[in-house]
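Peer 1: I'd like to ask you about the structure that follows.
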Amino acid sequence: MTREPTDISACVRAALERYFQDLEGEPVSGIYGMVMSLVEKPMIAVVMQAADGNQTRAAEMLGINRNTLRRKLAEFGLSE
């Protein structure tokens, strides 16, 4: 079963809407960095699993340089 990319977008939208509801009007900043840090680690972990641990293939799937992937793996504690 293939999911449409909009499924991910809908999940992010719903999560952000809940986030703002939970804030109950409190001031907020740094949302972009927060969301990116929360999404990037699981995305890389899932892609690495889908690529059977092959960093070259995972980097191609992600559309990033292999060295960038290696840095991200180390940063997130996902490297072996």
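Here's how to read the names in the structure tokens: chain A, B, ... by the order shown, residue numbers from 1 in each chain, ligand numbers from 1 in the order shown.
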Residues at most 10 Å from Ala51 of chain A, counting only C-alpha atoms, excluding those fewer than 6 positions away in the same chain, as a PyMOL selection string?
Peer 2: chain A and resi 45+57-61
Peer 1: Write out as a list in words each polymer residue whose atoms come within 12 Å of Val35 of chain A, counting only C-alpha atoms; drop sequence neighbours fewer than 5 positions from it.
Peer 2: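 So, after excluding close chain neighbours, the residues are Val12, Arg13, Ala15, Leu16, Tyr19, Ser29, Gly30, Glu40, Lys41 and Pro42 of chain A.
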Peer 1: Would you kindly return, as an MDAnalysis selection string, each protein, DNA or RNA residue with an atom no farther than 12 Å from any atom of Val39 of chain A, considering only C-alpha atoms and excluding same-chain residues fewer than 5 positions away?
Peer 2: chainID A and resid 8:9 11:12 15 32:34 44:46 76
Peer 1: Within 10 Å of Leu73 of chain A, counting only C-alpha atoms, which residues qualify if same-chain residues fewer than 3 places away don't, as an MDAnalysis selection string?
Peer 2: chainID A and resid 41 44:45 48 55 67:70 76:80
Peer 1: Report as a PyMOL selection string: the residues of chain A with a DSSP assignment of helix (DSSP H, G or I), based on the backbone of this structure.
Peer 2: chain A and resi 5-23+31-50+55-62+66-75
